[in-house]
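**Q** The structure that follows is given in the form of structure tokens.
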Amino acid sequence: MKISHFVFRTLFCTTLLFSAGAVVSACGDDEPNVPVIDNNISVSPASVQLDGLQETSSAQVTIGVSKDWRAYSEEDWITITPDNGGASDKTITITAQKNPTTEARTGTVYVSSGASRAEIKVEQTAGDGTGGEGAITCPFPGYKLVWNDEFEKPGNLNSADWTHEVKGHHWVNNELQNYVKETTPEGNWVTRVAGGKLQIRALKENGQVYSGRVYAKVKQGWKYGYIEASIKLPKGRGTWPAFWMMPVNFRSWPADGEIDIMEEVGAHANYVSSSLHANAHVHSNGTQVTHEMLCKGAEDSFHTYAIKWTGKNITTYVDGQVQLSYDNKGKGRDDWPYDDPFYIIFNLAWGGDWGGYMGVDESALPTMMEVEYVRVFQ
């Protein structure tokens, strides 16, 4: 991501009062006393709307300021010309690249002068899913990008798209971890966006293991499509990372279905599997639909895991190679409960019925699962 950076340095001074009201500031490092500029900034209009279907679209904004100023945005699809000037420079042009998705997006342009800052809201309409130069494309023809997260903005996950699960240990599958939102009780991070990746970390603190489980578009989900993610798996006996999907309108399991795009357990390192769960095929009675394959280096580098899901077939992939394929046999919902919206899940479990089938090695903690991107095409 291209981001303009500005460093504002605050000088903490000890003010000494002398007779006749004189004020002298004693500052460290022999720095000169820097006054705080308190000039106001006006922008007109304070919001602009750009066309997401055009290769580029622009809008002009007039700024009112009496000192030198700078303009910047934290969104890589927004550019500002000029991005700095003086009191005589009154107009900037805000330009956006074509929106590669079929959802509208928003951003902010900041105009800063001294200690003052004004904001310009930038709204871009939805694109057609084809993108422009360097656009994200689907390996299958006829599919358009409808949602994605490239994890470019560091910090916490976007709460408009993502939801954290919060549950104690042994909640499901006799797993040992406690799922928390973003940080442990002591403030150590569990989920974050850093270095262009979603990072989910399992760690031990005060005798308890903590980890993360996050849901994308949990109330909306998607029905059918091609969905892929680039993931590097954690190391350690006891780990159980997964990229999977559950129904938005969940009532009971396995009647409403479960789609496991990728799972791995650290006790069987680099062997990844896909599974489908329904009343007619479930592991509890040995009728599960599942397939496992070796993905060399899955714990050392990023690999692509994907699903192509239609009303007639579900096929999963590892680096473009077919992992599992299952057809709708027309036997009804007990065999095919996969015609409803499902949402995406990433989680890192610790121990449990499968993750701990060979015990756990706590010397592996902390350990981390990383997701480079997740994309949905329809």
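Ligands are numbered from 1 in the order shown, residues from 1 within each chain, and chains are lettered A, B, ... in the order they appear in the structure tokens.
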What's the 7 Å shell around Val109 (chain A), counting only C-alpha atoms, without same-chain residues fewer than 5 positions away, as a PyMOL selection string?

**A** chain A and resi 71-73+119-121

**Q** Smallest atom-to-atom distance to Val146 (chain A): which of A:Ala104, A:Val272, A:Leu324, A:Ala242, using only C-alpha atoms?

**A**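 Of the candidates, the smallest distance to Val146 (chain A) is held by A:Ala104.
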
**Q** To test your reading of the structure, identify every residue in region 163-298 of chain A that backbone DSSP assigns to strand (DSSP E), and report it as a compact mmCIF listing (two decimals) with N, CA and C atoms, in the first residue's frame.

**A**
```txt
# COMPACT_ATOMS: atom_id res chain seq x y z
N THR A 163 -16.02 -10.60 12.24
CA THR A 163 -16.53 -10.79 13.60
C THR A 163 -15.65 -11.80 14.32
N HIS A 164 -15.29 -11.52 15.57
CA HIS A 164 -14.50 -12.44 16.39
C HIS A 164 -15.41 -13.35 17.21
N GLN A 177 -7.98 -24.29 23.54
CA GLN A 177 -7.78 -22.84 23.49
C GLN A 177 -9.00 -22.08 23.97
N ASN A 178 -8.76 -20.85 24.39
CA ASN A 178 -9.81 -19.87 24.65
C ASN A 178 -9.81 -18.88 23.49
N TYR A 179 -10.94 -18.73 22.82
CA TYR A 179 -11.03 -17.76 21.73
C TYR A 179 -11.36 -16.38 22.32
N THR A 191 -5.15 -11.77 17.34
CA THR A 191 -5.41 -11.52 15.93
C THR A 191 -5.03 -10.08 15.61
N ARG A 192 -4.43 -9.91 14.44
CA ARG A 192 -4.07 -8.56 14.00
C ARG A 192 -3.79 -8.61 12.50
N VAL A 193 -3.74 -7.43 11.88
CA VAL A 193 -3.29 -7.28 10.51
C VAL A 193 -1.93 -6.60 10.56
N ALA A 194 -0.91 -7.26 10.01
CA ALA A 194 0.45 -6.73 10.03
C ALA A 194 1.21 -7.28 8.84
N LYS A 197 -0.73 -9.10 6.10
CA LYS A 197 -1.27 -10.43 6.40
C LYS A 197 -2.25 -10.35 7.58
N LEU A 198 -3.25 -11.21 7.57
CA LEU A 198 -4.02 -11.50 8.77
C LEU A 198 -3.23 -12.53 9.55
N GLN A 199 -2.91 -12.21 10.80
CA GLN A 199 -2.13 -13.11 11.65
C GLN A 199 -3.00 -13.58 12.82
N ILE A 200 -3.08 -14.89 12.98
CA ILE A 200 -3.81 -15.50 14.10
C ILE A 200 -2.80 -16.30 14.90
N ARG A 201 -2.65 -15.93 16.17
CA ARG A 201 -1.60 -16.52 16.99
C ARG A 201 -2.19 -17.28 18.17
N ALA A 202 -1.64 -18.46 18.43
CA ALA A 202 -1.95 -19.22 19.64
C ALA A 202 -0.78 -19.06 20.61
N LEU A 203 -1.09 -18.72 21.86
CA LEU A 203 -0.04 -18.52 22.85
C LEU A 203 -0.57 -18.91 24.23
N LYS A 204 0.38 -19.13 25.13
CA LYS A 204 0.01 -19.50 26.50
C LYS A 204 0.29 -18.34 27.43
N GLU A 205 -0.67 -18.09 28.33
CA GLU A 205 -0.56 -16.98 29.27
C GLU A 205 -1.24 -17.39 30.57
N GLN A 208 -3.19 -20.61 30.60
CA GLN A 208 -4.26 -20.79 29.62
C GLN A 208 -3.73 -20.54 28.21
N VAL A 209 -4.28 -21.27 27.23
CA VAL A 209 -3.93 -21.06 25.83
C VAL A 209 -5.01 -20.20 25.19
N TYR A 210 -4.58 -19.17 24.46
CA TYR A 210 -5.50 -18.25 23.79
C TYR A 210 -5.24 -18.28 22.28
N SER A 211 -6.30 -18.10 21.51
CA SER A 211 -6.16 -18.07 20.07
C SER A 211 -7.33 -17.29 19.47
N ARG A 213 -10.48 -16.89 16.31
CA ARG A 213 -11.41 -17.46 15.33
C ARG A 213 -12.25 -16.30 14.80
N VAL A 214 -12.18 -16.06 13.49
CA VAL A 214 -12.83 -14.89 12.90
C VAL A 214 -13.74 -15.30 11.75
N TYR A 215 -14.85 -14.54 11.60
CA TYR A 215 -15.88 -14.81 10.60
C TYR A 215 -15.97 -13.63 9.64
N ALA A 216 -16.05 -13.91 8.34
CA ALA A 216 -16.24 -12.87 7.33
C ALA A 216 -17.70 -12.82 6.91
N GLY A 225 -20.04 -19.80 -5.69
CA GLY A 225 -18.93 -18.96 -6.09
C GLY A 225 -17.61 -19.70 -6.05
N TYR A 226 -16.57 -18.96 -6.43
CA TYR A 226 -15.19 -19.44 -6.31
C TYR A 226 -14.53 -18.62 -5.21
N ILE A 227 -14.03 -19.29 -4.19
CA ILE A 227 -13.48 -18.62 -3.02
C ILE A 227 -12.08 -19.16 -2.78
N GLU A 228 -11.12 -18.27 -2.60
CA GLU A 228 -9.74 -18.74 -2.37
C GLU A 228 -9.04 -17.86 -1.35
N ALA A 229 -8.05 -18.47 -0.69
CA ALA A 229 -7.22 -17.75 0.27
C ALA A 229 -5.79 -18.27 0.16
N SER A 230 -4.85 -17.37 0.41
CA SER A 230 -3.43 -17.73 0.44
C SER A 230 -3.00 -17.78 1.90
N ILE A 231 -2.54 -18.95 2.35
CA ILE A 231 -2.33 -19.19 3.79
C ILE A 231 -0.98 -19.86 4.03
N LYS A 232 -0.32 -19.43 5.10
CA LYS A 232 0.84 -20.16 5.63
C LYS A 232 0.42 -20.75 6.97
N THR A 239 -1.45 -27.98 16.92
CA THR A 239 -2.11 -26.96 16.10
C THR A 239 -3.18 -27.61 15.22
N TRP A 240 -4.23 -26.83 14.96
CA TRP A 240 -5.34 -27.28 14.11
C TRP A 240 -5.91 -26.05 13.40
N PRO A 241 -5.22 -25.57 12.35
CA PRO A 241 -5.71 -24.41 11.60
C PRO A 241 -6.76 -24.83 10.58
N ALA A 242 -7.67 -23.91 10.26
CA ALA A 242 -8.72 -24.23 9.29
C ALA A 242 -9.19 -22.99 8.55
N PHE A 243 -9.61 -23.23 7.31
CA PHE A 243 -10.26 -22.26 6.42
C PHE A 243 -11.54 -22.96 5.98
N TRP A 244 -12.70 -22.49 6.45
CA TRP A 244 -13.91 -23.26 6.26
C TRP A 244 -15.13 -22.36 6.23
N MET A 245 -16.34 -22.97 6.11
CA MET A 245 -17.57 -22.20 5.97
C MET A 245 -18.71 -22.86 6.73
N MET A 246 -19.56 -22.00 7.29
CA MET A 246 -20.76 -22.46 7.99
C MET A 246 -21.97 -21.66 7.49
N PRO A 247 -23.18 -22.25 7.61
CA PRO A 247 -24.37 -21.58 7.09
C PRO A 247 -24.76 -20.35 7.92
N GLU A 258 -21.67 -28.18 6.62
CA GLU A 258 -20.39 -27.56 6.94
C GLU A 258 -19.47 -27.83 5.76
N ILE A 259 -18.72 -26.82 5.34
CA ILE A 259 -17.79 -26.95 4.21
C ILE A 259 -16.39 -26.63 4.72
N ASP A 260 -15.53 -27.62 4.75
CA ASP A 260 -14.14 -27.43 5.19
C ASP A 260 -13.25 -27.36 3.96
N ILE A 261 -12.82 -26.18 3.62
CA ILE A 261 -11.98 -25.98 2.44
C ILE A 261 -10.57 -26.48 2.70
N MET A 262 -10.03 -26.18 3.88
CA MET A 262 -8.68 -26.62 4.24
C MET A 262 -8.58 -26.80 5.74
N GLU A 263 -8.07 -27.93 6.15
CA GLU A 263 -7.70 -28.17 7.55
C GLU A 263 -6.36 -28.90 7.58
N TYR A 271 0.11 -32.08 5.61
CA TYR A 271 -0.97 -32.82 4.97
C TYR A 271 -2.26 -32.05 5.21
N VAL A 272 -2.85 -31.56 4.13
CA VAL A 272 -4.05 -30.75 4.24
C VAL A 272 -5.25 -31.54 3.71
N SER A 273 -6.42 -31.23 4.25
CA SER A 273 -7.60 -31.99 3.86
C SER A 273 -8.79 -31.07 3.63
N SER A 274 -9.77 -31.58 2.88
CA SER A 274 -11.07 -30.94 2.69
C SER A 274 -12.15 -31.93 3.08
N SER A 275 -13.25 -31.42 3.64
CA SER A 275 -14.36 -32.29 4.05
C SER A 275 -15.68 -31.58 3.87
N LEU A 276 -16.74 -32.38 3.66
CA LEU A 276 -18.11 -31.89 3.64
C LEU A 276 -18.90 -32.65 4.69
N HIS A 277 -19.73 -31.90 5.43
CA HIS A 277 -20.53 -32.52 6.49
C HIS A 277 -22.01 -32.26 6.23
N VAL A 289 -17.40 -37.25 3.84
CA VAL A 289 -16.81 -36.99 2.53
C VAL A 289 -15.55 -36.17 2.78
N THR A 290 -14.39 -36.74 2.55
CA THR A 290 -13.14 -36.06 2.88
C THR A 290 -12.02 -36.55 1.99
N HIS A 291 -11.00 -35.72 1.85
CA HIS A 291 -9.81 -36.12 1.10
C HIS A 291 -8.62 -35.36 1.65
N GLU A 292 -7.50 -36.05 1.75
CA GLU A 292 -6.26 -35.47 2.28
C GLU A 292 -5.15 -35.58 1.24
N MET A 293 -4.28 -34.58 1.19
CA MET A 293 -3.14 -34.63 0.28
C MET A 293 -1.95 -33.89 0.89
N LEU A 294 -0.77 -34.26 0.45
CA LEU A 294 0.45 -33.60 0.90
C LEU A 294 0.62 -32.29 0.16
```

**Q** For the atom pair CA of Asp76 (chain A) and CA of Trp189 (chain A), what is the interatomic distance in Å to one decimal place?

**A**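 Computing the Euclidean distance for CA of Asp76 (chain A) and CA of Trp189 (chain A) yields 26.2 Å.
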
**Q** What is the CA of Trp253 (chain A) to CA of Lys181 (chain A) distance in Å?

**A**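 Computed distance, CA of Trp253 (chain A) to CA of Lys181 (chain A), equals 24.7 Å.
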
**Q** Got a sec: who's within 10 Å of Ile63 (chain A), counting only C-alpha atoms, leaving out chain neighbours fewer than 4 positions off, as a ChimeraX atom specification?

**A** /A:41-46,69,87,89-92,111,118

**Q** Please produce a file of those selected residues containing N, CA and C atoms, as a tab-separated table (two decimals), in the first residue's frame.

**A**
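Below is the file that was written, out29.tsv:
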```tsv
chain	number	residue	atom	x	y	z
A	41	ILE	N	-8.81	25.11	8.90
A	41	ILE	CA	-8.83	24.67	7.51
A	41	ILE	C	-10.27	24.45	7.10
A	42	SER	N	-10.63	24.93	5.93
A	42	SER	CA	-11.95	24.65	5.39
A	42	SER	C	-11.79	23.88	4.08
A	43	VAL	N	-12.74	22.99	3.79
A	43	VAL	CA	-12.74	22.24	2.55
A	43	VAL	C	-14.15	22.28	1.96
A	44	SER	N	-14.20	22.42	0.64
A	44	SER	CA	-15.51	22.48	-0.03
A	44	SER	C	-15.41	21.84	-1.41
A	45	PRO	N	-16.17	20.78	-1.64
A	45	PRO	CA	-17.09	20.12	-0.73
A	45	PRO	C	-16.34	19.24	0.28
A	46	ALA	N	-17.03	18.85	1.35
A	46	ALA	CA	-16.42	18.00	2.37
A	46	ALA	C	-16.54	16.52	2.04
A	69	TRP	N	0.37	23.59	3.73
A	69	TRP	CA	-0.48	22.44	4.03
A	69	TRP	C	0.00	21.21	3.26
A	87	ALA	N	-0.50	28.99	1.11
A	87	ALA	CA	-1.78	29.67	1.27
A	87	ALA	C	-2.41	30.07	-0.06
A	89	ASP	N	-2.32	28.27	-2.82
A	89	ASP	CA	-2.78	27.08	-3.54
A	89	ASP	C	-4.12	26.65	-2.96
A	90	LYS	N	-5.18	26.77	-3.75
A	90	LYS	CA	-6.53	26.63	-3.20
A	90	LYS	C	-7.28	25.38	-3.65
A	91	THR	N	-6.77	24.65	-4.63
A	91	THR	CA	-7.54	23.54	-5.19
A	91	THR	C	-6.71	22.28	-5.26
A	92	ILE	N	-7.32	21.15	-4.89
A	92	ILE	CA	-6.71	19.83	-5.07
A	92	ILE	C	-7.64	18.97	-5.90
A	111	VAL	N	-6.36	16.85	5.00
A	111	VAL	CA	-5.61	18.07	4.71
A	111	VAL	C	-5.09	18.60	6.04
A	118	ALA	N	-8.31	18.83	8.39
A	118	ALA	CA	-9.66	18.70	7.86
A	118	ALA	C	-9.74	17.38	7.10
```

**Q** Counting only C-alpha atoms, figure out which residue out of A:Gly114, A:Gly86, A:Gly107, A:Pro100 gets nearest to Asn40 (chain A).

**A**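 Of the candidates, the smallest distance to Asn40 (chain A) is held by A:Gly114.
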
**Q** Go ahead and compute the interatomic distance for CA of Ala59 (chain A) and CA of Ser113 (chain A), in Å to one decimal.

**A**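 For CA of Ala59 (chain A) relative to CA of Ser113 (chain A), the distance reads 21.5 Å.
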
**Q** Rank nothing, just name the residue among A:Val371, A:Leu176, A:Ile94, A:Ile80 nearest to Ser57 (chain A), using only C-alpha atoms.

**A**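 Closest to Ser57 (chain A) of all the choices is A:Ile94.
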
**Q** Can you tell me which residues surround Leu233 (chain A) at a distance of at most 7 Å, considering only C-alpha atoms, apart from same-chain residues fewer than 5 positions away, and format the answer as a PyMOL selection string?

**A** chain A and resi 241+298-299+369-370

**Q** Once you have the residues from the selection above, write them out as a PDB file, in the first residue's frame, restricted to all heavy atoms.

**A**
```pdb
ATOM      1  N   PRO A 241      -5.215 -25.573  12.350  1.00  0.00           N
ATOM      2  CA  PRO A 241      -5.707 -24.414  11.604  1.00  0.00           C
ATOM      3  C   PRO A 241      -6.760 -24.834  10.582  1.00  0.00           C
ATOM      4  O   PRO A 241      -6.745 -25.967  10.084  1.00  0.00           O
ATOM      5  CB  PRO A 241      -4.447 -23.907  10.902  1.00  0.00           C
ATOM      6  CG  PRO A 241      -3.640 -25.161  10.681  1.00  0.00           C
ATOM      7  CD  PRO A 241      -3.899 -26.039  11.882  1.00  0.00           C
ATOM      8  N   ALA A 298       3.748 -26.450   3.354  1.00  0.00           N
ATOM      9  CA  ALA A 298       2.549 -25.712   3.781  1.00  0.00           C
ATOM     10  C   ALA A 298       2.789 -24.906   5.045  1.00  0.00           C
ATOM     11  O   ALA A 298       2.123 -23.887   5.263  1.00  0.00           O
ATOM     12  CB  ALA A 298       1.392 -26.690   3.992  1.00  0.00           C
ATOM     13  N   GLU A 299       3.728 -25.361   5.889  1.00  0.00           N
ATOM     14  CA  GLU A 299       4.013 -24.646   7.132  1.00  0.00           C
ATOM     15  C   GLU A 299       5.164 -23.651   6.990  1.00  0.00           C
ATOM     16  O   GLU A 299       5.486 -22.951   7.936  1.00  0.00           O
ATOM     17  CB  GLU A 299       4.317 -25.646   8.244  1.00  0.00           C
ATOM     18  CG  GLU A 299       3.131 -26.537   8.597  1.00  0.00           C
ATOM     19  CD  GLU A 299       3.411 -27.471   9.758  1.00  0.00           C
ATOM     20  OE1 GLU A 299       4.576 -27.525  10.208  1.00  0.00           O
ATOM     21  OE2 GLU A 299       2.471 -28.139  10.225  1.00  0.00           O
ATOM     22  N   MET A 369      -0.681 -18.674  12.416  1.00  0.00           N
ATOM     23  CA  MET A 369      -1.262 -18.893  11.096  1.00  0.00           C
ATOM     24  C   MET A 369      -1.371 -17.532  10.412  1.00  0.00           C
ATOM     25  O   MET A 369      -1.789 -16.555  11.029  1.00  0.00           O
ATOM     26  CB  MET A 369      -2.646 -19.537  11.263  1.00  0.00           C
ATOM     27  CG  MET A 369      -3.528 -19.583  10.040  1.00  0.00           C
ATOM     28  SD  MET A 369      -5.205 -20.167  10.535  1.00  0.00           S
ATOM     29  CE  MET A 369      -5.993 -20.297   8.928  1.00  0.00           C
ATOM     30  N   GLU A 370      -0.987 -17.453   9.128  1.00  0.00           N
ATOM     31  CA  GLU A 370      -1.054 -16.192   8.406  1.00  0.00           C
ATOM     32  C   GLU A 370      -1.884 -16.347   7.135  1.00  0.00           C
ATOM     33  O   GLU A 370      -1.771 -17.352   6.429  1.00  0.00           O
ATOM     34  CB  GLU A 370       0.343 -15.702   8.033  1.00  0.00           C
ATOM     35  CG  GLU A 370       1.209 -15.297   9.217  1.00  0.00           C
ATOM     36  CD  GLU A 370       2.496 -14.648   8.761  1.00  0.00           C
ATOM     37  OE1 GLU A 370       3.426 -15.396   8.395  1.00  0.00           O
ATOM     38  OE2 GLU A 370       2.573 -13.419   8.768  1.00  0.00           O
TER      39      GLU A 370
END
```
